[in-house]
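Below is my_file_32.cif, holding mmCIF, C-alpha atoms.
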```
data_run
loop_
_atom_site.group_PDB
_atom_site.id
_atom_site.type_symbol
_atom_site.label_atom_id
_atom_site.label_comp_id
_atom_site.auth_asym_id
_atom_site.auth_seq_id
_atom_site.Cartn_x
_atom_site.Cartn_y
_atom_site.Cartn_z
ATOM 1 C CA MET A 1 4.270 8.770 6.757
ATOM 2 C CA ILE A 2 1.587 6.394 5.506
ATOM 3 C CA LYS A 3 -1.811 8.066 5.147
ATOM 4 C CA ILE A 4 -4.901 5.893 5.565
ATOM 5 C CA GLY A 5 -7.673 6.537 3.028
ATOM 6 C CA GLU A 6 -5.457 8.207 0.418
ATOM 7 C CA TYR A 7 -3.595 7.323 -2.760
ATOM 8 C CA GLN A 8 0.163 7.747 -2.336
ATOM 9 C CA ILE A 9 3.540 6.693 -3.639
ATOM 10 C CA LEU A 10 5.184 4.123 -1.366
ATOM 11 C CA TYR A 11 8.297 2.028 -1.933
ATOM 12 C CA VAL A 12 8.665 -1.741 -1.934
ATOM 13 C CA LYS A 13 10.554 -2.558 1.272
ATOM 14 C CA ARG A 14 10.556 -6.344 1.464
ATOM 15 C CA GLN A 15 8.915 -9.495 0.207
ATOM 16 C CA SER A 16 6.917 -12.048 2.206
ATOM 17 C CA PRO A 17 4.882 -15.155 1.363
ATOM 18 C CA HIS A 18 1.752 -12.977 1.642
ATOM 19 C CA GLY A 19 2.886 -10.201 -0.735
ATOM 20 C CA LEU A 20 5.115 -7.143 -0.554
ATOM 21 C CA TYR A 21 5.551 -4.713 2.303
ATOM 22 C CA VAL A 22 5.529 -1.094 1.151
ATOM 23 C CA GLY A 23 6.301 2.109 3.026
ATOM 24 C CA PRO A 24 7.764 5.595 2.769
ATOM 25 C CA ARG A 25 11.331 5.881 1.508
ATOM 26 C CA GLN A 26 12.480 7.003 4.977
ATOM 27 C CA GLY A 27 11.432 5.254 8.193
ATOM 28 C CA LYS A 28 10.295 1.836 9.310
ATOM 29 C CA GLN A 29 6.530 2.151 8.831
ATOM 30 C CA GLU A 30 5.124 -0.344 6.302
ATOM 31 C CA VAL A 31 1.880 -2.008 5.191
ATOM 32 C CA LEU A 32 1.182 -5.185 3.260
ATOM 33 C CA LEU A 33 0.396 -5.115 -0.456
ATOM 34 C CA PRO A 34 -1.281 -8.548 -0.763
ATOM 35 C CA GLN A 35 0.064 -11.024 -3.318
ATOM 36 C CA SER A 36 -3.082 -10.638 -5.455
ATOM 37 C CA TYR A 37 -1.996 -7.042 -6.290
ATOM 38 C CA VAL A 38 1.716 -7.764 -6.836
ATOM 39 C CA THR A 39 3.046 -7.749 -10.407
ATOM 40 C CA ASP A 40 6.261 -9.243 -11.796
ATOM 41 C CA ALA A 41 7.548 -5.707 -12.449
ATOM 42 C CA MET A 42 7.560 -4.752 -8.736
ATOM 43 C CA GLU A 43 11.025 -4.860 -7.168
ATOM 44 C CA ILE A 44 12.627 -3.844 -3.867
ATOM 45 C CA ASP A 45 13.057 -0.020 -3.580
ATOM 46 C CA GLN A 46 10.713 0.583 -6.537
ATOM 47 C CA PRO A 47 7.972 3.225 -6.096
ATOM 48 C CA VAL A 48 4.390 1.957 -6.320
ATOM 49 C CA GLU A 49 1.177 4.012 -6.342
ATOM 50 C CA VAL A 50 -1.200 2.482 -3.791
ATOM 51 C CA PHE A 51 -4.338 3.244 -1.803
ATOM 52 C CA VAL A 52 -4.042 2.392 1.902
ATOM 53 C CA TYR A 53 -7.013 1.372 4.054
ATOM 54 C CA HIS A 54 -7.771 -0.478 7.289
ATOM 55 C CA ASP A 55 -8.833 -4.110 6.938
ATOM 56 C CA LYS A 56 -11.493 -5.785 9.125
ATOM 57 C CA ASP A 57 -8.893 -6.280 11.881
ATOM 58 C CA GLY A 58 -7.823 -2.619 11.833
ATOM 59 C CA LEU A 59 -4.496 -3.283 10.115
ATOM 60 C CA GLY A 60 -3.225 -1.062 7.315
ATOM 61 C CA VAL A 61 -3.333 -2.719 3.894
ATOM 62 C CA ALA A 62 -2.330 -1.374 0.471
ATOM 63 C CA THR A 63 -4.062 -1.970 -2.848
ATOM 64 C CA THR A 64 -3.386 -0.883 -6.413
ATOM 65 C CA GLU A 65 -7.133 -0.775 -7.144
ATOM 66 C CA LYS A 66 -8.930 2.579 -7.278
ATOM 67 C CA PRO A 67 -11.534 3.017 -4.517
ATOM 68 C CA ALA A 68 -14.958 4.543 -5.178
ATOM 69 C CA LEU A 69 -14.141 7.291 -2.632
ATOM 70 C CA SER A 70 -11.127 8.480 -0.702
ATOM 71 C CA VAL A 71 -10.750 10.748 2.342
ATOM 72 C CA GLY A 72 -12.253 14.183 1.702
ATOM 73 C CA GLN A 73 -14.513 13.082 -1.165
ATOM 74 C CA PHE A 74 -18.305 12.828 -1.170
ATOM 75 C CA ALA A 75 -20.582 10.378 -2.962
#
```
As structure tokens, the full file:
Amino acid sequence: MIKIGEYQILYVKRQSPHGLYVGPRQGKQEVLLPQSYVTDAMEIDQPVEVFVYHDKDGLGVATTEKPALSVGQFA
């Protein structure tokens, strides 16, 4: 299960022109890791530590950058 607002280990599922789709090892759920965060070392089925958030359109997106806050934290 992909958790919005949290850091988690997801697996590279497939590649697209826009980046890599990552998701849990089991299941079909996946979110985009945009090309700007993809490294040459990332391969299909490889685990990647990502933070997942909703973009301006409400879609789940992954990033390898550390957010200032995550769910359950206070400023």
Taking 3 positions as the minimum chain separation for residues in the same chain, which residues sit within 10 Å of A:Ser16 when counting only C-alpha atoms? Answer as a list in words.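 Selected residues are Gly19, Leu20, Tyr21, Leu32, Leu33, Pro34 and Gln35 of chain A.
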Could you check how far atom CA of A:Glu43 sits from atom CA of A:Asp57, in Å to one decimal?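 Result for atom CA of A:Glu43 versus atom CA of A:Asp57: 27.6 Å, one decimal.
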Measuring atom to atom with only C-alpha atoms, identify which of A:Tyr7, A:Lys13, A:Pro24, A:Ala41 is nearest to A:Lys66. A:Tyr7
Could you state which residues are captured by the PyMOL selection byres ((chain A and resi 46) around 6) in this file, as a ChimeraX atom specification? /A:11-12,43-45,47
Between atom CA of A:Lys28 and atom CA of A:Pro67, distance in Å (one decimal): 25.9 Å
Hey, what's within 7 Å of stretch 48-51 of chain A if we count all atoms listed in the file and toss same-chain stuff fewer than 2 positions away? As a list in words, please?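 The residues that qualify are Gly5, Glu6, Tyr7, Gln8, Ile9, Leu10, Tyr11, Gln46, Tyr53, Ala62, Thr63 and Thr64 of chain A.
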In Å, with one decimal, what is the gap from atom CA of A:Gly60 to atom CA of A:Val22? 10.7 Å
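Comparing A:Met42, A:Lys3, A:Lys56, A:Gly27 by their smallest distance to A:Gln15, the closest is A:Met42 (using all atoms listed in the file).
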